[in-house]
Amino acid sequence: MAGLCEGGNEPSGSLKATYIPFIPRHIAIKKNNESIMIVFTLVTRKTTAQVKIYGGSTEQFNVDNGLKQGDALAPMVFNLALHWVITQTGIDPNSTLVYKSVQIVGYADDLDVMGRSLTAIEEVYKDLEQGAAKIGLQINASKTKQMTQIRNKQNMYNPPNLTIDMFEETEKFKYLGTVMTSNNNELIEVQSRITAANKAYFALSVILKSNCVHKETKLKIYKTIIRSILCYASETWTLSKETEAKLGIFERKILRRILGPVQENMQWRIRYNNELYKLYRSFDIVTFIKLRRLEWAGHVYRTDGNRLPKKILEGKIHDDDDDDDDDDDDDD
């Protein structure tokens with residue numbers, strides 16, 4: 001998704017995104033779907049349950065239909081149901097915006113409809129709403145957001161009387177833990193990750209300050225917990241000098257807390273940057289993120305050509321006019 005947003009931020013085009021969450025509720029699977037009904041029958045056959053109330057339990061009762069809360073089969077059933085809803089729109093989820101005007105990406109019950117125009121997105125939204133209603137799913141309109149990614153917003157035009165206009169227009173939105181912005185500014189996302197990692201740092205400050213814990217153990221805690229929070233989804237970041245400086249300052253703050261000051265000429269002083277990384281004996285945070293990006297790029301490159309991440313990595317979002325020009329060239 002970050003790759004699509006980065007491509008949509010090209011000077012020659014814009015990208016519209018609508019984030020659609022669903023309201024949690026029961027899903028009604030039609031009985032004519034024999035394969036799913038067979039699985040349901042095998043799972044619920046001779047199943048009993050009890051409810052705990054005030055330290056006690058009710059009498060056992062039979063479970064004749066539906067799945068228990070927390071059942072391992074529930075996520076699979078929901079994915080099957082949501083996939084059926086998406087197929088009702090007629091959009092191939094395996095193709096990308098390189099070859100069409102609308103694309104649906106999603107995880108669990110959060111869908112993101114991305115397109116080059118609000119008109120195209122509205123058509124897909126109506127199909128999703130109708131398909132979801134058939135199986136008992138309902139779109140949470142109050143939490144549905146829309147965002148336009150374009151460099152020059154003076155050129156943006158929204159056709160009037162669109163149903164999708166009733167949704168809140170936002171400049172940024174958190175999707176699957178990542179902050180997406182209308183101008184695709186990575187600085188906001190990096191600052192968000194620094195804030196989250198800083199909370200983890202203060203939660204672990206008692207351990208990091210303790211003289212009873214070895215420095216090597218503290219460094220492992222930093223790499224395992226704090227750095228993991230800081231670098232969440234960093235494979236999609238495009239680092240600038242400003243973001244690199246912010247990341248470096250945050251990491252060195254933690255390393256100075258772990259490694260402590262040094263005594264020189266009978267006075268205590270904080271360690272210089274080169275002294276910190278000499279004792280750290282590992283890659284600095286910027287180099288670590290760049291290596292993660294290379295690893296992810298290599299992983300995507302080795303995948304099959306039909307996989308969506310590889311299509312996004314090798315593709316380019318362009319206007320429909322470019323397609324017409326290409327067709328004219330082919331005819332010549």
# chains A, B, ... in the order shown; residues from 1 in each chain; ligands from 1

call {"tool": "residues_around", "arguments": {"residues": "Ser210 (chain A)", "least_positions_apart": "4", "cutoff": "12 Å", "atoms": "only C-alpha atoms", "output": "ChimeraX atom specification"}}
result
/A:204-206,214-215,217-218,257-260

call {"tool": "write_last_selection", "arguments": {"atoms": "N, CA, C and O atoms", "output": "mmCIF file, in the first residue's frame"}}
result
data_model
loop_
_atom_site.group_PDB
_atom_site.id
_atom_site.type_symbol
_atom_site.label_atom_id
_atom_site.label_comp_id
_atom_site.auth_asym_id
_atom_site.auth_seq_id
_atom_site.Cartn_x
_atom_site.Cartn_y
_atom_site.Cartn_z
ATOM 1 N N LEU A 204 10.426 0.869 30.114
ATOM 2 C CA LEU A 204 11.562 0.012 30.483
ATOM 3 C C LEU A 204 12.672 0.780 31.186
ATOM 4 O O LEU A 204 13.761 0.232 31.398
ATOM 5 N N SER A 205 12.415 2.034 31.537
ATOM 6 C CA SER A 205 13.477 2.873 32.102
ATOM 7 C C SER A 205 14.024 2.322 33.413
ATOM 8 O O SER A 205 15.213 2.480 33.711
ATOM 9 N N VAL A 206 13.165 1.668 34.208
ATOM 10 C CA VAL A 206 13.642 1.107 35.479
ATOM 11 C C VAL A 206 14.712 0.051 35.221
ATOM 12 O O VAL A 206 15.739 -0.017 35.920
ATOM 13 N N HIS A 214 23.148 -6.250 33.333
ATOM 14 C CA HIS A 214 24.354 -6.052 32.529
ATOM 15 C C HIS A 214 24.044 -5.212 31.289
ATOM 16 O O HIS A 214 22.931 -5.240 30.744
ATOM 17 N N LYS A 215 25.033 -4.451 30.846
ATOM 18 C CA LYS A 215 24.845 -3.578 29.687
ATOM 19 C C LYS A 215 24.494 -4.368 28.429
ATOM 20 O O LYS A 215 23.703 -3.905 27.596
ATOM 21 N N THR A 217 22.785 -7.063 28.293
ATOM 22 C CA THR A 217 21.367 -7.413 28.398
ATOM 23 C C THR A 217 20.486 -6.217 28.051
ATOM 24 O O THR A 217 19.466 -6.357 27.366
ATOM 25 N N LYS A 218 20.890 -5.037 28.494
ATOM 26 C CA LYS A 218 20.131 -3.824 28.172
ATOM 27 C C LYS A 218 20.125 -3.567 26.662
ATOM 28 O O LYS A 218 19.112 -3.164 26.092
ATOM 29 N N ARG A 257 21.927 6.332 27.726
ATOM 30 C CA ARG A 257 21.337 5.859 28.974
ATOM 31 C C ARG A 257 21.869 4.481 29.336
ATOM 32 O O ARG A 257 22.164 4.204 30.511
ATOM 33 N N ILE A 258 22.027 3.615 28.358
ATOM 34 C CA ILE A 258 22.489 2.246 28.624
ATOM 35 C C ILE A 258 23.978 2.205 28.946
ATOM 36 O O ILE A 258 24.407 1.555 29.907
ATOM 37 N N LEU A 259 24.787 2.887 28.151
ATOM 38 C CA LEU A 259 26.245 2.795 28.283
ATOM 39 C C LEU A 259 26.802 3.747 29.328
ATOM 40 O O LEU A 259 27.924 3.559 29.796
ATOM 41 N N GLY A 260 26.047 4.767 29.691
ATOM 42 C CA GLY A 260 26.453 5.663 30.757
ATOM 43 C C GLY A 260 27.539 6.648 30.344
ATOM 44 O O GLY A 260 28.055 6.604 29.216
#

call {"tool": "residues_around", "arguments": {"residues": "Met114 (chain A)", "least_positions_apart": "2", "cutoff": "8 Å", "atoms": "only C-alpha atoms", "output": "PyMOL selection string"}}
result
chain A and resi 15-18+102-105+112+116+121

call {"tool": "atom_distance", "arguments": {"atom1": "CA of Val262 (chain A)", "atom2": "CA of Leu230 (chain A)"}}
result
27.3 Å

call {"tool": "atom_distance", "arguments": {"atom1": "CA of Ile229 (chain A)", "atom2": "CA of Glu295 (chain A)"}}
result
18.3 Å

call {"tool": "closest_residue", "arguments": {"among": "A:Thr224, A:Ser101, A:Asn184, A:Asn273", "to": "Thr238 (chain A)", "atoms": "only C-alpha atoms"}}
result
A:Asn184

call {"tool": "select_by_dssp", "arguments": {"residues": "region 88-148 of chain A", "states": "alpha helix (DSSP H)", "output": "number ranges by chain"}}
result
A: 118-134

call {"tool": "decode", "arguments": {"residues": "region 99-128 of chain A", "atoms": "N, CA, C and O atoms", "output": "compact mmCIF listing (two decimals), in the first residue's frame"}}
result
# COMPACT_ATOMS: atom_id res chain seq x y z
N TYR A 99 -2.67 -1.12 -14.26
CA TYR A 99 -3.48 -1.56 -15.39
C TYR A 99 -4.97 -1.23 -15.23
O TYR A 99 -5.76 -1.62 -16.09
N LYS A 100 -5.37 -0.56 -14.18
CA LYS A 100 -6.80 -0.28 -13.99
C LYS A 100 -6.94 1.01 -13.18
O LYS A 100 -5.96 1.58 -12.71
N SER A 101 -8.19 1.45 -13.02
CA SER A 101 -8.43 2.73 -12.35
C SER A 101 -8.73 2.57 -10.86
O SER A 101 -8.68 3.56 -10.13
N VAL A 102 -9.05 1.36 -10.40
CA VAL A 102 -9.40 1.14 -8.99
C VAL A 102 -8.73 -0.14 -8.51
O VAL A 102 -8.62 -1.11 -9.25
N GLN A 103 -8.30 -0.13 -7.25
CA GLN A 103 -7.72 -1.32 -6.64
C GLN A 103 -8.20 -1.42 -5.20
O GLN A 103 -8.35 -0.41 -4.51
N ILE A 104 -8.44 -2.66 -4.75
CA ILE A 104 -8.85 -2.91 -3.38
C ILE A 104 -7.71 -3.62 -2.66
O ILE A 104 -7.24 -4.67 -3.10
N VAL A 105 -7.27 -3.06 -1.56
CA VAL A 105 -6.29 -3.71 -0.69
C VAL A 105 -6.90 -3.77 0.70
O VAL A 105 -7.70 -2.91 1.08
N GLY A 106 -6.53 -4.78 1.46
CA GLY A 106 -7.14 -4.89 2.77
C GLY A 106 -6.46 -5.91 3.65
O GLY A 106 -5.66 -6.74 3.19
N TYR A 107 -6.79 -5.84 4.91
CA TYR A 107 -6.31 -6.80 5.90
C TYR A 107 -7.40 -6.95 6.95
O TYR A 107 -7.89 -5.96 7.48
N ALA A 108 -7.78 -8.20 7.22
CA ALA A 108 -8.86 -8.48 8.18
C ALA A 108 -10.13 -7.74 7.74
O ALA A 108 -10.57 -7.91 6.62
N ASP A 109 -10.69 -6.91 8.62
CA ASP A 109 -11.95 -6.24 8.28
C ASP A 109 -11.74 -4.80 7.82
O ASP A 109 -12.69 -4.02 7.77
N ASP A 110 -10.52 -4.42 7.50
CA ASP A 110 -10.23 -3.07 7.03
C ASP A 110 -9.88 -3.11 5.55
O ASP A 110 -8.91 -3.76 5.15
N LEU A 111 -10.68 -2.43 4.76
CA LEU A 111 -10.45 -2.36 3.32
C LEU A 111 -10.04 -0.95 2.93
O LEU A 111 -10.49 0.03 3.53
N ASP A 112 -9.22 -0.86 1.92
CA ASP A 112 -8.81 0.43 1.37
C ASP A 112 -9.06 0.39 -0.14
O ASP A 112 -8.45 -0.40 -0.85
N VAL A 113 -9.99 1.22 -0.59
CA VAL A 113 -10.29 1.32 -2.01
C VAL A 113 -9.48 2.49 -2.57
O VAL A 113 -9.70 3.64 -2.19
N MET A 114 -8.55 2.19 -3.46
CA MET A 114 -7.67 3.21 -4.02
C MET A 114 -7.98 3.35 -5.51
O MET A 114 -8.16 2.36 -6.21
N GLY A 115 -8.05 4.59 -5.97
CA GLY A 115 -8.37 4.82 -7.36
C GLY A 115 -7.89 6.17 -7.83
O GLY A 115 -7.39 6.98 -7.06
N ARG A 116 -8.09 6.41 -9.12
CA ARG A 116 -7.65 7.67 -9.72
C ARG A 116 -8.75 8.71 -9.77
O ARG A 116 -8.48 9.85 -10.14
N SER A 117 -9.97 8.33 -9.42
CA SER A 117 -11.07 9.28 -9.42
C SER A 117 -12.09 8.86 -8.38
O SER A 117 -12.25 7.67 -8.07
N LEU A 118 -12.80 9.85 -7.81
CA LEU A 118 -13.83 9.55 -6.83
C LEU A 118 -15.03 8.85 -7.46
O LEU A 118 -15.73 8.08 -6.81
N THR A 119 -15.26 9.10 -8.73
CA THR A 119 -16.37 8.44 -9.42
C THR A 119 -16.16 6.94 -9.47
O THR A 119 -17.08 6.15 -9.20
N ALA A 120 -14.93 6.51 -9.80
CA ALA A 120 -14.63 5.08 -9.86
C ALA A 120 -14.71 4.45 -8.48
O ALA A 120 -15.20 3.33 -8.31
N ILE A 121 -14.24 5.18 -7.46
CA ILE A 121 -14.28 4.65 -6.10
C ILE A 121 -15.72 4.51 -5.62
O ILE A 121 -16.08 3.56 -4.93
N GLU A 122 -16.59 5.46 -5.98
CA GLU A 122 -17.98 5.41 -5.56
C GLU A 122 -18.68 4.17 -6.11
O GLU A 122 -19.46 3.52 -5.41
N GLU A 123 -18.39 3.82 -7.35
CA GLU A 123 -19.01 2.63 -7.94
C GLU A 123 -18.61 1.38 -7.18
O GLU A 123 -19.44 0.51 -6.90
N VAL A 124 -17.33 1.29 -6.83
CA VAL A 124 -16.86 0.12 -6.06
C VAL A 124 -17.47 0.12 -4.66
O VAL A 124 -17.86 -0.92 -4.13
N TYR A 125 -17.57 1.29 -4.06
CA TYR A 125 -18.14 1.38 -2.71
C TYR A 125 -19.58 0.88 -2.69
O TYR A 125 -19.98 0.13 -1.78
N LYS A 126 -20.37 1.27 -3.68
CA LYS A 126 -21.76 0.82 -3.73
C LYS A 126 -21.85 -0.70 -3.91
O LYS A 126 -22.69 -1.37 -3.29
N ASP A 127 -20.96 -1.26 -4.75
CA ASP A 127 -20.95 -2.71 -4.93
C ASP A 127 -20.55 -3.42 -3.64
O ASP A 127 -21.12 -4.46 -3.29
N LEU A 128 -19.58 -2.87 -2.92
CA LEU A 128 -19.17 -3.46 -1.64
C LEU A 128 -20.31 -3.40 -0.62
O LEU A 128 -20.56 -4.36 0.11
